[in-house]
Structures are given as C-alpha cells and as structure tokens.
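Shown next, in structure tokens, is the structure this report addresses.
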Amino acid sequence: MSEDRWYVVVFDDRREFALHVWRYLNRSLGIGSGSADWMPERTLLPFLDGVHRFYWLQSDDKWKENLELFLTELVQGWHLLAIVDVVGKEGYDPNRVLSCLVEWGKSNSVRIEPWLISAYQIGARIEQGVPIRSKSRSTLNEIARLLYAGDHAKPKGVPGAKHILVTGAGFEIKNRWGGFGMLPTPTLLERMGDPFLLLNAGDSVDENKKGITYLQPDSDGFPRPTGARWELVKSIQRAAAERELDRYWDILLGKELAHNLGEVLEMDKPERQQVTARALLAERRMREAFRRSVREHDWGHMNQSLAAAELPWHAWLTTNYTRFADRAIALGAPLLWRIITTAAEAGTSIREDNWLLEGRKGEELPRYLFKLHGDVGHLHTMAIAGHDKDPFSPLSVPVEDLHQIYASAERFLGFSLRSFEVPVVWHIVGHALADRGLVNLIRRACEQIRGEHLFLIADPSPALPRKNLERDLPAVLGPRGIRFEIRDRAFFAEEYMARLARQGLPCSAALESVIEWFETLPRADLTQAPRSSN
C-alpha cells in the first residue's frame with residue numbers, strides 16, 4: 001500500500017467535474033450528477049478509504065482568497081494535486097493559480113502536481129508550459145495511477161484467521177453523489193404501489209374503497225397502516241415504530257388474510273374456494289408491491305459489493321434480496337464462489353458437498369454466498385415476513401423453504417471450520433441483527449466451531465447490533481467455555497469496505513492483533529459528505 005497521502009483540489013466553475021473526480025478516485029460507481037447538494041464548495045471531503053482528501057473551489061474572482069484559506073488546512077507531509085481548469089468566470093486566471101501554487105510549494109517544501117484541464121483545448125499550452133489534459137476518462141485514470149501507484153505492488157497476504165462477512169440492508173444503502181444502491185427500508189415501504197396508498201398531508205381514508213391499505217408516513221419508523229380496521233391493532237404501530245420488518249409484515253399480512261377470509265369455514269365449498277382465492281390474491285398483491293419497490297433500485301454495481309467479492313472470505317451471509325452481490329461475483333471476482341439462493345440449491349449443497357468439506361481438507365474451498373432471505377427475482381423466494389422463515393407458516397403465499405438455506409449455511413460453517421485451530425472473525429457490516437433467525441444461526445455455528453470468535457460490527461449506529469448480539473451469545477456460549485469478543489465502530493459500509501479493498505483482510509491469527517487492526521482503521525468521517533440516511 002502506498003504511504004503517500006494526497007490532497008486533491010479541483011478548480012472548476014461547475015460541480016459536475018468535481019463530482020466525477022471525487023467519485024472516480026474513490027473507486028465508486030454511479031450515474032448522473034446526484035442531488036443538488038452532493039458536492040459542497042470549500043469543504044474538505046474525505047476519501048472513502050480514509051486516506052486522501054478532496055476539495056472543490058470555484059474558478060471565479062474569489063479564487064485567490066479561497067485558495068489561501070485552503071492552503072492553511074494542509075497537513076505537513078502530505079502532497080497536493082491541483083487540477084486547474086483553463087476556463088473560468090470573470091476574474092479567474094489559471095496562470096496566476098499555477099504561479100501561486102508553485103511558489104507556495106517551494107516555500108513550504110510541499111510536493112505539488114499542477115494539472116491543467118479543459119473540455120476544449122486538448123493538447124494546447126499556456127504560459128507556464130504545462131500541458132492541458134482533457135476532461136476525460138483517460139485523465140481520471142492518470143490521476144488514479146498517481147494516487148494509488150503502490151497499492152497493487154504490495155502483496156496483501158492470506159488471512160491467518162477465518163473471516164465471515166454478514167451484511168444487511170445498511171450494506172446496500174445508496175449514496176447521494178450518484179451511486180447505485182437501495183433506499184432506506186422506510187422509504188421503500190412508502191413507495192409501494194397498489195394495493196397500498198400513501199396518504200399525504202390533509203388526505204383522508206375512504207373506507208368505502210375496497211382492496212386498498214392506507215399508509216400514514218412516519219418520520220422515525222415504518223409507515224403505519226391507518227383506517228378503521230387498523231385502529232385497535234396496536235402491535236403494528238409498535239413494530240413500525242421499532243422498525244422490526246419481520247413482525248411488521250407478520251401482522252400486516254396476517255391481519256389482511258384474516259380480514260379477507262372472514263368466516264370461511266362456515267361457507268359452502270364453492271363460496272369458500274372463491275373467498276380463499278381472493279385472500280390469496282390480496283396477500284400476493286401486498287408482497288408483489290414490496291418486491292416491485294425493491295426491484296426498481298436493483299441494478300448497476302456497488303463499490304462495496306465489488307470489494308467484498310474480491311476478498312478471501314470463508315463465507316458471506318446476507319439477508320438482502322438484491323443481486324448486487326451476484327453481479328459483483330459474476331463481473332470477474334478472482335475467487336471461486338458458490339451462491340446459495342434457493343431451497344433447492346441449499347438441498348443440493350447439503351447432499352453433494354460432503355467431499356468438499358471432508359475429503360479435501362487443507363485444499364482451497366469455494367467461497368459461499370448464502371442469500372438467507374431469498375432473491376428479488378422471484379416472489380416465492382422472498383422472505384419479507386418472520387413467518388416466511390418458519391417451516392410451517394400461517395400465511396397463505398408459500399415462500400420456498402428458506403429454513404433449508406439457514407440449515408445449509410449452518411452446516412457449511414460447522415463442518416468446514418471445526419477442524420481449523422484459528423480464530424473466526426465475523427464482520428457484521430450494515431446489519432442491525434434484529435433477525436433472531438440469523439443470530440441463532442451465528443450462535444449455533446459458534447457452538448459447533450468452538451475455538452475463539454471475534455465480532456467486528458461496522459455500522460453508522462453500532463449500539464443496536466451490539467445489543468442484539470449481546471442478547472443471546474453470553475448466556476449460551478459463556479457456560480460452554482467458548483471465548484468471544486465484540487468490538488464496534490461507527491463506519492458506513494462503503495467506507496469500511498473501501499478500507500478493506502485498499503489493504504486487505506488482517507493476516508494475523510491472533511485476536512489481539514486483529515482487534516488492534518480494527519480499532520486503528522482510519523475513518524473517512526463521512527458526516528461531512530452528503531449521503532442518504534441509513
């Protein structure tokens with residue numbers, strides 16, 4: 001890994017090119033220009049990997065005073081890459097910008113790389129004799145090579161511990177500078193269409209309109225069903241306020257099913273079949289509305305998924321329905337992966353992979369991605385309610401036996417890791433661990449593997465996943481003599497994975513060393529960078 005640290009400052013009268021530079025150098029993917037506030041002027045922005053820093057200055061008549069303010073913020077020992085547009089507003093002079101930078105660099109013993117850029121004057125020169133580069137992908141590649149010259153030359157080694165990645169909805173939240181990804185879960189629920197209708201301020205519920213479930217927006221939790229038949233259902237209000245998605249859908253679908261079935265057992269067979277069919281259709285419409293809301297944003301590639309696909313995890317467990325991970329793996333990850341998405345694939349894994357787990361010990365095994373809650377590509381594999389993960393569900397729409405995927409994941413972890421005498425490191429990234437089934441899977445895997453376990457929680461609000469993890473593990477693992485430790489830090493998923501992509505997983509087999517590595521990871525401090533809330 002290169003030890004050089006750079007400030008990158010862009011002089012341009014438009015935000016768009018500054019965004020492209022910052023996004024490209026962060027190795028982030030995206031489209032368009034983002035929202036109106038994505039690139040603040042005269043604000044020091046961190047790179048996602050926590051190493052370099054970025055600054056955008058307007059090329060206008062205030063360039064000199066703004067440049068002087070910026071130079072006071074430079075830290076000794078850092079380098080400066082100045083990307084200066086040859087065209088600007090009245091009062092701006094690129095020659096004087098270059099002169100000021102060169103003189104300041106000499107006086108302060110700072111390495112300065114002055115680059116002139118233009119959308120038009122490709123190949124020309126101005127008085128300083130500096131070549132003018134184009135605003136193009138090739139120029140962005142040049143900048144990236146300058147900043148990351150030493151990264152690929154340094155081997156990252158093979159991890160001594162076994163590392164497992166666990167990801168949830170927070171892993172895939174899209175950013176606001178034009179990146180791909182999902183919206184926060186409350187927003188996805190608010191954007192569901194038929195048979196849901198979101199009420200605006202001043203709207204009222206039409207009780208005569210059949211087949212519609214009205215939702216009331218909530219600034220803190222999930223949207224709440226409203227209307228006469230929901231007034232006494234206090235449990236859905238609590239589930240919405242606490243953002244418990246499993247319980248939210250259990251109640252929502254269960255009450256809808258009961259409402260549509262009515263006194264079905266007392267009906268004659270033809271009427272009973274008709275009513276049952278209508279109830280099944282009503283539940284299917286609700287599920288399909290949420291699937292459509294998720295599917296709308298499930299396209300493109302996410303930087304954190306690409307980083308995850310290239311790292312040597314022992315396994316990757318995710319409760320996300322999307323195909324960001326699948327696409328990242330298919331794009332050409334250098335490691336062999338096997339993806340378990342359906343109960344059929346899980347059953348095949350259990351039946352046919354014995355030779356992988358037992359007959360090839362010491363050899364390199366495929367990395368396994370377990371999509372524990374199914375896939376957005378098919379309604380009957382998407383577990384949106386807590387009941388969907390049970391072998392016997394009281395709901396009417398059958399969701400393919402997802403408990404088999406949990407069983408397959410548990411078996412793989414137990415069989416493949418119990419013969420190793422190295423610690424297991426669980427990276428919990430963007431997951432609140434509110435899913436009891438997932439926590440139970442982790443606990444049972446720890447019981448089978450025994451040894452030492454370290455849980456590293458990377459989340460913008462790590463207190464909740466830590467609380468959920470501590471709810472079960474000490475009482476079960478402690479009496480059995482299984483040592484485990486929990487550490488947490490406030491990281492957004494994209495900055496944590498950018499850091500891992502830059503330096504790799506820790507190679508030590510000593511828990512103390514891995515803990516030190518985790519606790520000294522530099523933060524990108526994205527509180528300054530505009531983004532979506534998680």
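Residues in the structure tokens are numbered from 1 in each chain, the chains being A, B, ... in the order shown, and ligands are numbered from 1 in the order shown.
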
Do you know which residues are at most 9 Å from A:Ser396 counting only C-alpha atoms, after dropping those on the same chain fewer than 3 positions away, and could you put them as a PDB file with N, CA and C atoms, in the first residue's frame?
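The result, written out as part.pdb:
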```pdb
ATOM      1  N   LEU A 257     -55.023 -11.213   5.769  1.00  0.00           N
ATOM      2  CA  LEU A 257     -55.525 -12.552   5.460  1.00  0.00           C
ATOM      3  C   LEU A 257     -56.797 -12.846   6.254  1.00  0.00           C
ATOM      4  N   ALA A 279     -58.420 -14.071  -0.943  1.00  0.00           N
ATOM      5  CA  ALA A 279     -57.474 -13.804   0.146  1.00  0.00           C
ATOM      6  C   ALA A 279     -56.044 -14.056  -0.312  1.00  0.00           C
ATOM      7  N   LEU A 280     -55.841 -15.136  -1.057  1.00  0.00           N
ATOM      8  CA  LEU A 280     -54.507 -15.438  -1.584  1.00  0.00           C
ATOM      9  C   LEU A 280     -54.035 -14.335  -2.516  1.00  0.00           C
ATOM     10  N   GLU A 283     -52.969 -11.147  -0.512  1.00  0.00           N
ATOM     11  CA  GLU A 283     -51.634 -11.258   0.083  1.00  0.00           C
ATOM     12  C   GLU A 283     -50.549 -11.181  -0.983  1.00  0.00           C
ATOM     13  N   ARG A 284     -50.801 -11.831  -2.123  1.00  0.00           N
ATOM     14  CA  ARG A 284     -49.812 -11.791  -3.208  1.00  0.00           C
ATOM     15  C   ARG A 284     -49.595 -10.361  -3.700  1.00  0.00           C
ATOM     16  N   SER A 393     -45.863 -21.988   8.062  1.00  0.00           N
ATOM     17  CA  SER A 393     -46.283 -20.590   8.105  1.00  0.00           C
ATOM     18  C   SER A 393     -47.799 -20.499   8.095  1.00  0.00           C
TER      19      SER A 393
END
```

I'd like a table as a tab-separated table: residues in stretch 129-232 of chain A with an atom no more than 12 Å from stretch 80-104 of chain A, each row giving the shortest atom pair and its distance in Å to one decimal, only C-alpha atoms counted, sorted by chain and rising residue number.
```
residue	atom	partner	partner_atom	distance
A:Gly129	CA	A:Asn95	CA	10.0
A:Val130	CA	A:Leu98	CA	9.4
A:Pro131	CA	A:Val86	CA	10.8
A:Ile132	CA	A:Val86	CA	8.1
A:Arg133	CA	A:Asp85	CA	9.4
A:Ser134	CA	A:Asp85	CA	9.7
A:Lys135	CA	A:Asp85	CA	9.2
A:Thr139	CA	A:Ile83	CA	10.4
A:Leu140	CA	A:Ile83	CA	10.7
A:Glu142	CA	A:Leu81	CA	11.7
A:Ile143	CA	A:Leu81	CA	8.7
A:Ala144	CA	A:Leu81	CA	11.2
A:Leu146	CA	A:Leu81	CA	9.3
A:Leu147	CA	A:Leu81	CA	9.2
```

Alpha helix (DSSP H) per DSSP on the backbone: members of stretch 245-436 of chain A, as a PyMOL selection string: chain A and resi 245-261+269-295+303-310+324-330+343-352+354+403-417+436

Between atom CA of A:Ala315 and atom CA of A:Leu521 - distance in Å to one decimal: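 That distance, rounded to one decimal, is 22.6 Å.
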
DSSP-assigned strand (DSSP E or B) among stretch 179-401 of chain A, expressed as an NGL selection string: :A and (179 or 182 or 196-198 or 213-216 or 224-226 or 315-318 or 337-340 or 367-371)

Mind writing the picked residues with N, CA, C and O atoms as a compact mmCIF listing (two decimals), in the first residue's frame?
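The resulting out_9.txt:
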```txt
# COMPACT_ATOMS: atom_id res chain seq x y z
N GLY A 179 -24.39 7.33 -6.73
CA GLY A 179 -24.10 5.91 -6.68
C GLY A 179 -25.35 5.05 -6.82
O GLY A 179 -26.48 5.52 -6.73
N MET A 182 -29.79 0.73 -2.74
CA MET A 182 -31.17 0.73 -2.28
C MET A 182 -31.48 1.98 -1.45
O MET A 182 -30.59 2.60 -0.88
N PHE A 196 -51.30 -0.58 -1.91
CA PHE A 196 -51.02 0.40 -0.85
C PHE A 196 -51.18 1.81 -1.40
O PHE A 196 -50.89 2.09 -2.57
N LEU A 197 -51.64 2.70 -0.56
CA LEU A 197 -51.78 4.11 -0.92
C LEU A 197 -51.24 4.96 0.21
O LEU A 197 -51.76 4.90 1.34
N LEU A 198 -50.19 5.73 -0.08
CA LEU A 198 -49.58 6.58 0.93
C LEU A 198 -50.37 7.88 1.05
O LEU A 198 -50.60 8.57 0.05
N THR A 213 -54.98 -0.57 1.18
CA THR A 213 -54.43 -0.40 2.53
C THR A 213 -53.75 0.96 2.59
O THR A 213 -52.78 1.20 1.86
N TYR A 214 -54.28 1.85 3.41
CA TYR A 214 -53.73 3.19 3.51
C TYR A 214 -52.56 3.21 4.49
O TYR A 214 -52.61 2.59 5.56
N LEU A 215 -51.50 3.91 4.11
CA LEU A 215 -50.31 4.02 4.94
C LEU A 215 -50.09 5.47 5.33
O LEU A 215 -50.19 6.38 4.49
N GLN A 216 -49.80 5.68 6.60
CA GLN A 216 -49.51 7.02 7.12
C GLN A 216 -47.99 7.15 7.29
O GLN A 216 -47.38 6.35 8.00
N ARG A 224 -47.31 3.60 8.87
CA ARG A 224 -48.27 2.84 9.68
C ARG A 224 -49.58 2.67 8.93
O ARG A 224 -50.12 3.64 8.39
N PRO A 225 -50.14 1.43 8.89
CA PRO A 225 -51.47 1.25 8.31
C PRO A 225 -52.49 2.05 9.11
O PRO A 225 -52.42 2.10 10.35
N THR A 226 -53.39 2.69 8.42
CA THR A 226 -54.35 3.55 9.11
C THR A 226 -55.74 3.31 8.53
O THR A 226 -55.90 2.81 7.42
N ALA A 315 -16.92 -17.25 4.06
CA ALA A 315 -18.32 -17.28 3.64
C ALA A 315 -18.89 -15.88 3.76
O ALA A 315 -18.36 -15.03 4.48
N TRP A 316 -19.98 -15.67 3.02
CA TRP A 316 -20.67 -14.38 3.04
C TRP A 316 -22.15 -14.69 3.29
O TRP A 316 -22.79 -15.38 2.49
N LEU A 317 -22.68 -14.21 4.40
CA LEU A 317 -24.09 -14.37 4.73
C LEU A 317 -24.79 -13.03 4.53
O LEU A 317 -24.36 -12.02 5.08
N THR A 318 -25.88 -13.02 3.78
CA THR A 318 -26.61 -11.78 3.59
C THR A 318 -28.10 -12.03 3.69
O THR A 318 -28.60 -13.10 3.31
N TRP A 337 -16.59 -18.74 -6.30
CA TRP A 337 -17.73 -18.56 -5.42
C TRP A 337 -18.83 -19.56 -5.77
O TRP A 337 -19.01 -19.91 -6.94
N ARG A 338 -19.59 -19.95 -4.78
CA ARG A 338 -20.82 -20.69 -4.99
C ARG A 338 -21.93 -19.94 -4.29
O ARG A 338 -21.81 -19.59 -3.11
N ILE A 339 -23.03 -19.67 -5.02
CA ILE A 339 -24.12 -18.87 -4.49
C ILE A 339 -25.31 -19.78 -4.17
O ILE A 339 -25.78 -20.53 -5.02
N ILE A 340 -25.80 -19.71 -2.92
CA ILE A 340 -26.95 -20.49 -2.47
C ILE A 340 -28.10 -19.51 -2.26
O ILE A 340 -28.09 -18.71 -1.33
N ARG A 367 -15.66 -20.06 -2.05
CA ARG A 367 -16.32 -19.14 -1.12
C ARG A 367 -17.82 -19.31 -1.30
O ARG A 367 -18.30 -19.44 -2.44
N TYR A 368 -18.56 -19.30 -0.22
CA TYR A 368 -20.01 -19.49 -0.30
C TYR A 368 -20.72 -18.18 0.03
O TYR A 368 -20.43 -17.54 1.04
N LEU A 369 -21.66 -17.79 -0.84
CA LEU A 369 -22.57 -16.69 -0.58
C LEU A 369 -23.94 -17.30 -0.29
O LEU A 369 -24.54 -17.95 -1.16
N PHE A 370 -24.42 -17.12 0.94
CA PHE A 370 -25.74 -17.62 1.33
C PHE A 370 -26.71 -16.43 1.36
O PHE A 370 -26.59 -15.54 2.20
N LYS A 371 -27.69 -16.44 0.46
CA LYS A 371 -28.73 -15.41 0.44
C LYS A 371 -29.88 -15.94 1.29
O LYS A 371 -30.80 -16.60 0.79
```

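The shortest atom-to-atom distance to A:Ser28, with only C-alpha atoms taken into account, belongs to A:Asp49 out of A:Glu288, A:Glu41, A:Asp49, A:Asp472.
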
Å distance separating atom CA of A:Ala240 from atom CA of A:Asn175, one decimal place: 24.2 Å

A:Asn440 environment, 10 Å, only C-alpha atoms, sequence neighbours closer than 6 positions dropped, as a list in words: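 Listing them by chain and then by number gives Tyr406, Glu410, Cys446, Leu469, Asp472 and Leu473 of chain A.
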
All heavy atoms of the current selection, written as a CSV table (one decimal), in the first residue's frame:
```csv
chain,number,residue,atom,x,y,z
A,406,TYR,N,-30.8,-21.6,5.8
A,406,TYR,CA,-30.2,-21.4,7.1
A,406,TYR,C,-29.5,-22.7,7.5
A,406,TYR,O,-28.3,-22.7,8.0
A,406,TYR,CB,-31.3,-21.1,8.1
A,406,TYR,CG,-31.6,-19.6,8.2
A,406,TYR,CD1,-32.5,-19.1,7.3
A,406,TYR,CD2,-31.0,-18.8,9.1
A,406,TYR,CE1,-32.9,-17.7,7.4
A,406,TYR,CE2,-31.3,-17.4,9.2
A,406,TYR,CZ,-32.3,-16.9,8.3
A,406,TYR,OH,-32.6,-15.6,8.4
A,410,GLU,N,-25.5,-23.1,8.2
A,410,GLU,CA,-25.0,-23.6,9.5
A,410,GLU,C,-24.1,-24.9,9.3
A,410,GLU,O,-23.1,-25.0,9.9
A,410,GLU,CB,-26.2,-24.0,10.4
A,410,GLU,CG,-25.8,-24.5,11.8
A,410,GLU,CD,-27.0,-24.9,12.6
A,410,GLU,OE1,-28.1,-24.4,12.3
A,410,GLU,OE2,-26.8,-25.8,13.4
A,446,CYS,N,-21.1,-21.0,16.1
A,446,CYS,CA,-20.1,-20.8,17.1
A,446,CYS,C,-20.0,-22.1,18.0
A,446,CYS,O,-18.9,-22.5,18.4
A,446,CYS,CB,-20.3,-19.6,18.0
A,446,CYS,SG,-20.1,-18.0,17.1
A,469,LEU,N,-26.7,-8.7,19.5
A,469,LEU,CA,-25.7,-9.8,19.6
A,469,LEU,C,-25.5,-10.2,21.1
A,469,LEU,O,-25.4,-11.4,21.4
A,469,LEU,CB,-24.4,-9.3,18.9
A,469,LEU,CG,-23.5,-10.5,18.5
A,469,LEU,CD1,-24.1,-11.4,17.5
A,469,LEU,CD2,-22.2,-9.9,18.0
A,472,ASP,N,-28.1,-12.8,23.3
A,472,ASP,CA,-28.1,-14.2,23.3
A,472,ASP,C,-26.7,-14.9,23.5
A,472,ASP,O,-26.6,-15.9,24.2
A,472,ASP,CB,-28.6,-14.8,22.0
A,472,ASP,CG,-30.1,-14.4,21.8
A,472,ASP,OD1,-30.8,-14.3,22.8
A,472,ASP,OD2,-30.5,-14.2,20.6
A,473,LEU,N,-25.7,-14.3,23.0
A,473,LEU,CA,-24.4,-15.0,23.0
A,473,LEU,C,-23.8,-15.3,24.3
A,473,LEU,O,-23.4,-16.4,24.6
A,473,LEU,CB,-23.4,-14.3,22.1
A,473,LEU,CG,-23.7,-14.2,20.6
A,473,LEU,CD1,-22.5,-13.6,19.9
A,473,LEU,CD2,-24.0,-15.6,20.0
```

Nearest candidate to A:Ser136 (options A:Tyr55, A:Phe392, A:Phe484, A:Tyr120; using only C-alpha atoms):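 Smallest separation from A:Ser136 among the options: A:Tyr120.
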
Distance query A:Gly168 at most 9 Å, only C-alpha atoms, self and fewer than 6 positions along chain excluded, as number ranges by chain: A: 317-320, 428-433

Residue nearest A:Leu281 among A:Glu256, A:Glu495, A:Asp246, A:Glu519 (counting only C-alpha atoms): A:Glu256

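Note that the spacing between atom CA of A:Phe171 and atom CA of A:Pro522 amounts to 18.9 Å.
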
Distance query stretch 386-388 of chain A at most 12 Å, only C-alpha atoms, self and fewer than 3 positions along chain excluded, as a ChimeraX atom specification: /A:244-254,287,372-374,379-383,391-404,434-438

Nearest to A:Ser109, chosen from A:Arg295, A:Ser138, A:His79, A:Pro312, with only C-alpha atoms counted in the distances: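 With only C-alpha atoms as the atom set, the closest residue is A:His79.
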
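You can rank A:Ala385, A:Ile112, A:Ala409, A:Arg292 by their closest distance to A:Thr342 using only C-alpha atoms, and at the top of that list sits A:Ala409.
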
Long-range neighbours of stretch 324-335 of chain A as a PDB file with N, CA and C atoms, in the first residue's frame, 7 Å cut-off, only C-alpha atoms, 3 positions minimum in chain:
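Saved the output as part-v1.pdb:
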```pdb
ATOM      1  N   HIS A 301     -23.762  -1.708 -10.347  1.00  0.00           N
ATOM      2  CA  HIS A 301     -22.789  -2.324  -9.445  1.00  0.00           C
ATOM      3  C   HIS A 301     -22.509  -1.382  -8.278  1.00  0.00           C
ATOM      4  N   MET A 302     -22.332  -1.944  -7.101  1.00  0.00           N
ATOM      5  CA  MET A 302     -21.988  -1.165  -5.925  1.00  0.00           C
ATOM      6  C   MET A 302     -20.535  -1.414  -5.566  1.00  0.00           C
ATOM      7  N   SER A 305     -19.925  -4.002  -2.814  1.00  0.00           N
ATOM      8  CA  SER A 305     -20.142  -5.390  -3.234  1.00  0.00           C
ATOM      9  C   SER A 305     -18.975  -5.888  -4.074  1.00  0.00           C
ATOM     10  N   LEU A 306     -18.451  -5.033  -4.943  1.00  0.00           N
ATOM     11  CA  LEU A 306     -17.288  -5.420  -5.744  1.00  0.00           C
ATOM     12  C   LEU A 306     -16.092  -5.710  -4.857  1.00  0.00           C
ATOM     13  N   ALA A 309     -16.611  -9.087  -3.085  1.00  0.00           N
ATOM     14  CA  ALA A 309     -16.464 -10.251  -3.955  1.00  0.00           C
ATOM     15  C   ALA A 309     -15.007 -10.612  -4.207  1.00  0.00           C
ATOM     16  N   GLU A 310     -14.110  -9.651  -4.061  1.00  0.00           N
ATOM     17  CA  GLU A 310     -12.696  -9.894  -4.353  1.00  0.00           C
ATOM     18  C   GLU A 310     -11.882 -10.273  -3.122  1.00  0.00           C
TER      19      GLU A 310
END
```
